[in-house]
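Peer 1: The structure is given below, and queries will be raised subsequently.
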Amino acid sequence: MSKTDADLRLAPPPRRLQAVARRLLAWYSQHARDLPWRRTRDPYAIWISEIMLQQTQVDTVRPYYLRWLAAFPTLETLATAPQDEVLRLWEGLGYYSRAHNLQRAARQVRERFDGRLPSSMEDLLSLPGIGAYTAAAIASIAFDRDVAVLDGNVKRVLARLFLYEGDVKSPNGMRQLQALADRLLPSGRASEHNQAVMDLGATICTPRRPACDRCPLQTLCEARATGRQEVLPIAQRRAKTPERRADIGVILWNDRVLLEKRSERLLGGLWAFPALNATSLEETASEAALRQKLKALLGRVPGEPKLLLAEIKHTYTHFRLVARAWLYTPQEPVQAAGLGAITDAMAWVRLCDLAGYPMGRVDRRIASALLSQST
DNA sequence: AATCCGGGGGT
DNA sequence: ACCCCAGGATT
């Protein structure tokens, strides 16, 4: 294995690490944020918060966390909840596999660990949805284990503090920084220490325009000393997202609309209006092609679209979607053929019940447009 | 190692 | 328009 120049410099002496850790704890004792999941020692509640906080900011998570704990106060209530209810409470947070994995893990904990969340890294890592970061966070915060977390905040703080100029998102960068985080961890104080580094990254050592003048580590920071705090950490840029188009069918029959339950990985388990997605980047989806799909679903043609209900642009992680939602109001009864095709993955849903069906952003906005239009 | 997976917030 | 976020799973 070859080490890069960036790696070679990443070996601060123990004395300096100690000084950093000491100042961090002192700062945290005065400036810790008051967060709902810091008012509990319940491992289940801490687990929920950590899953919600994956790739999601504190202010976004806060209301979801409170609502979730009210609906599912214990691991047992989560394990036995209907999937639609779990997804409904997750709706809007994104990365819906997190919600699926939470419930799968809750059921595994019931079977394998007597209903109590395990405290060892090995057992935590064996649960779905729990990776290196989350296992370390739960082990340290809920169980006071001496393990160091490494998340986006920690990577940024360490890269600046110790002038790490490698790619912090590469496997090698992760390895180097995890080793450094491990060395920095003061024994017996993992919970406070980990949260201190993350709070510092979230409030002082921010991605842009860090507030070095308020930083407890300003005199110990190599990036600050060399004026590099705005350019570190270095991470590879993501490619530009392509654009895709879709035509979406809103079939209104009496006071009901047809929904499908998605089985794809994207938005899996959520309900959606029947859609025809363009298969290639250049191809334009068309209302005519959508009508063919709807005919297959209904067993008959849905008729001409009554109107273009909405045009919605939405950005996902890897593409931008431009979607047109067409409203169809078939005159002939569709239930004879339609209900024959109804499975667990399809439903004719009353307009007043739409809120109870978990959906992604695009379909929820279509549902809102439909509700405001039909009143 | 690269790609997929959402949605919101900040600049 | 672009980057970031208390990342993990899959290929």
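For the structure tokens, the naming scheme is as follows: chains receive sequential letters (A, B, ...) according to their order of presentation, residues are indexed from 1 within each chain, and ligands are indexed from 1 in presentation order.
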Using 9 Å as the limit and counting only C-alpha atoms (C1' of nucleotides), can you tabulate each residue of chain A that touches chain C, with its shortest atom-to-atom distance in Å and the two atoms involved, as JSON lines?

Peer 2:
{"residue": "A:Ser49", "atom": "CA", "partner": "C:DA6", "partner_atom": "C1'", "distance": 8.7}
{"residue": "A:Glu50", "atom": "CA", "partner": "C:DA6", "partner_atom": "C1'", "distance": 6.3}
{"residue": "A:Ile51", "atom": "CA", "partner": "C:DA6", "partner_atom": "C1'", "distance": 8.6}
{"residue": "A:Met52", "atom": "CA", "partner": "C:DA6", "partner_atom": "C1'", "distance": 8.7}
{"residue": "A:Leu53", "atom": "CA", "partner": "C:DA6", "partner_atom": "C1'", "distance": 5.2}
{"residue": "A:Gln54", "atom": "CA", "partner": "C:DG7", "partner_atom": "C1'", "distance": 5.4}
{"residue": "A:Gln55", "atom": "CA", "partner": "C:DC5", "partner_atom": "C1'", "distance": 4.7}
{"residue": "A:Thr56", "atom": "CA", "partner": "C:DC5", "partner_atom": "C1'", "distance": 5.0}
{"residue": "A:Gln57", "atom": "CA", "partner": "C:DC5", "partner_atom": "C1'", "distance": 5.3}
{"residue": "A:Val58", "atom": "CA", "partner": "C:DA6", "partner_atom": "C1'", "distance": 8.2}
{"residue": "A:Arg98", "atom": "CA", "partner": "C:DG8", "partner_atom": "C1'", "distance": 8.7}
{"residue": "A:Pro128", "atom": "CA", "partner": "C:DG8", "partner_atom": "C1'", "distance": 8.7}
{"residue": "A:Gly129", "atom": "CA", "partner": "C:DG8", "partner_atom": "C1'", "distance": 6.0}
{"residue": "A:Ile130", "atom": "CA", "partner": "C:DG8", "partner_atom": "C1'", "distance": 7.1}
{"residue": "A:Gly131", "atom": "CA", "partner": "C:DG8", "partner_atom": "C1'", "distance": 6.0}
{"residue": "A:Ala132", "atom": "CA", "partner": "C:DG7", "partner_atom": "C1'", "distance": 8.6}
{"residue": "A:Tyr133", "atom": "CA", "partner": "C:DG7", "partner_atom": "C1'", "distance": 7.2}
{"residue": "A:Thr134", "atom": "CA", "partner": "C:DG7", "partner_atom": "C1'", "distance": 8.1}
{"residue": "A:Ala137", "atom": "CA", "partner": "C:DA6", "partner_atom": "C1'", "distance": 8.1}
{"residue": "A:Val149", "atom": "CA", "partner": "C:DA6", "partner_atom": "C1'", "distance": 8.9}
{"residue": "A:Leu150", "atom": "CA", "partner": "C:DA6", "partner_atom": "C1'", "distance": 9.0}
{"residue": "A:Asp151", "atom": "CA", "partner": "C:DA6", "partner_atom": "C1'", "distance": 6.5}
{"residue": "A:Gly152", "atom": "CA", "partner": "C:DC5", "partner_atom": "C1'", "distance": 7.7}
{"residue": "A:Asn153", "atom": "CA", "partner": "C:DA6", "partner_atom": "C1'", "distance": 7.8}
{"residue": "A:Gln195", "atom": "CA", "partner": "C:DA6", "partner_atom": "C1'", "distance": 8.6}
{"residue": "A:Met198", "atom": "CA", "partner": "C:DA6", "partner_atom": "C1'", "distance": 7.0}
{"residue": "A:Pro207", "atom": "CA", "partner": "C:DC4", "partner_atom": "C1'", "distance": 7.4}

Peer 1: For the selection just defined, write its residues with C-alpha atoms to a file, as an mmCIF file, in the first residue's frame.

Peer 2:
data_model
loop_
_atom_site.group_PDB
_atom_site.id
_atom_site.type_symbol
_atom_site.label_atom_id
_atom_site.label_comp_id
_atom_site.auth_asym_id
_atom_site.auth_seq_id
_atom_site.Cartn_x
_atom_site.Cartn_y
_atom_site.Cartn_z
ATOM 1 C CA SER A 49 -32.336 10.273 15.726
ATOM 2 C CA GLU A 50 -29.119 8.950 14.204
ATOM 3 C CA ILE A 51 -30.910 7.299 11.290
ATOM 4 C CA MET A 52 -32.909 10.451 10.619
ATOM 5 C CA LEU A 53 -29.766 12.565 10.776
ATOM 6 C CA GLN A 54 -28.056 10.609 8.003
ATOM 7 C CA GLN A 55 -27.553 13.131 5.186
ATOM 8 C CA THR A 56 -30.177 15.322 6.818
ATOM 9 C CA GLN A 57 -29.754 18.519 8.798
ATOM 10 C CA VAL A 58 -30.732 18.965 12.415
ATOM 11 C CA ARG A 98 -33.881 4.264 5.942
ATOM 12 C CA PRO A 128 -29.788 -3.098 8.411
ATOM 13 C CA GLY A 129 -29.299 0.634 7.987
ATOM 14 C CA ILE A 130 -26.493 0.834 10.542
ATOM 15 C CA GLY A 131 -23.060 1.473 9.073
ATOM 16 C CA ALA A 132 -19.753 2.609 10.509
ATOM 17 C CA TYR A 133 -20.903 6.090 11.482
ATOM 18 C CA THR A 134 -24.242 5.143 13.027
ATOM 19 C CA ALA A 137 -22.722 7.103 17.272
ATOM 20 C CA VAL A 149 -17.575 8.787 14.986
ATOM 21 C CA LEU A 150 -16.582 9.977 11.531
ATOM 22 C CA ASP A 151 -19.211 11.957 9.660
ATOM 23 C CA GLY A 152 -19.134 14.938 7.332
ATOM 24 C CA ASN A 153 -18.627 17.346 10.220
ATOM 25 C CA GLN A 195 -21.069 15.350 19.869
ATOM 26 C CA MET A 198 -20.084 17.433 15.340
ATOM 27 C CA PRO A 207 -18.352 24.253 5.041
#

Peer 1: Using only C-alpha atoms (C1' of nucleotides), tabulate the residues of chain B lying at most 7 Å from any atom of chain A, each with its closest atom pair and that distance in Å to one decimal, by chain and increasing residue number, as a Markdown table.

Peer 2:
| residue | atom | partner | partner_atom | distance |
| --- | --- | --- | --- | --- |
| B:DC5 | C1' | A:Tyr95 | CA | 5.6 |
| B:DG6 | C1' | A:Gly94 | CA | 3.8 |
| B:DG7 | C1' | A:Gly94 | CA | 5.6 |

Peer 1: Write out, as a PDB file, in the first residue's frame, the residues just selected, with N, CA and C atoms (P, O5', C5', C4', C3', O3' and C1' of nucleotides).

Peer 2:
ATOM      1  P    DC B   5     -31.844   4.903  -7.819  1.00  0.00           P
ATOM      2  O5'  DC B   5     -32.018   5.463  -6.343  1.00  0.00           O
ATOM      3  C5'  DC B   5     -32.295   4.521  -5.321  1.00  0.00           C
ATOM      4  C4'  DC B   5     -32.146   5.167  -3.990  1.00  0.00           C
ATOM      5  C3'  DC B   5     -32.989   6.442  -3.798  1.00  0.00           C
ATOM      6  O3'  DC B   5     -33.815   6.272  -2.671  1.00  0.00           O
ATOM      7  C1'  DC B   5     -30.807   6.721  -2.969  1.00  0.00           C
ATOM      8  P    DG B   6     -35.014   7.264  -2.515  1.00  0.00           P
ATOM      9  O5'  DG B   6     -34.281   8.649  -2.798  1.00  0.00           O
ATOM     10  C5'  DG B   6     -34.950   9.712  -3.346  1.00  0.00           C
ATOM     11  C4'  DG B   6     -35.664  10.521  -2.293  1.00  0.00           C
ATOM     12  C3'  DG B   6     -36.361  11.758  -2.841  1.00  0.00           C
ATOM     13  O3'  DG B   6     -37.428  12.030  -1.951  1.00  0.00           O
ATOM     14  C1'  DG B   6     -34.569  12.429  -1.463  1.00  0.00           C
ATOM     15  P    DG B   7     -38.569  13.051  -2.402  1.00  0.00           P
ATOM     16  O5'  DG B   7     -38.192  14.340  -1.564  1.00  0.00           O
ATOM     17  C5'  DG B   7     -38.111  14.240  -0.153  1.00  0.00           C
ATOM     18  C4'  DG B   7     -37.294  15.363   0.374  1.00  0.00           C
ATOM     19  C3'  DG B   7     -37.663  16.744  -0.184  1.00  0.00           C
ATOM     20  O3'  DG B   7     -38.250  17.478   0.853  1.00  0.00           O
ATOM     21  C1'  DG B   7     -35.325  16.441   0.016  1.00  0.00           C
TER      22       DG B   7
END

Peer 1: Would you please give, as a count of residues only, all residues of range 79-262 of chain A that DSSP assigns to alpha helix (DSSP H) based on the backbone?

Peer 2: 83

Peer 1: Write down as a list of chain:residue names the residues of range 294-371 of chain A whose backbone DSSP state falls under strand (DSSP E or B).

Peer 2: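 Of range 294-371 of chain A, the ones in strand (DSSP E or B) are A:Leu307, A:Leu308, A:Leu309, A:Ala310, A:Glu311, A:Ile312, A:Lys313, A:His314, A:Thr315, A:Arg320, A:Leu321, A:Val322, A:Ala323, A:Arg324, A:Ala325, A:Trp326, A:Leu327, A:Tyr328, A:Met346, A:Ala347, A:Trp348, A:Val349, A:Arg350, A:Met359.
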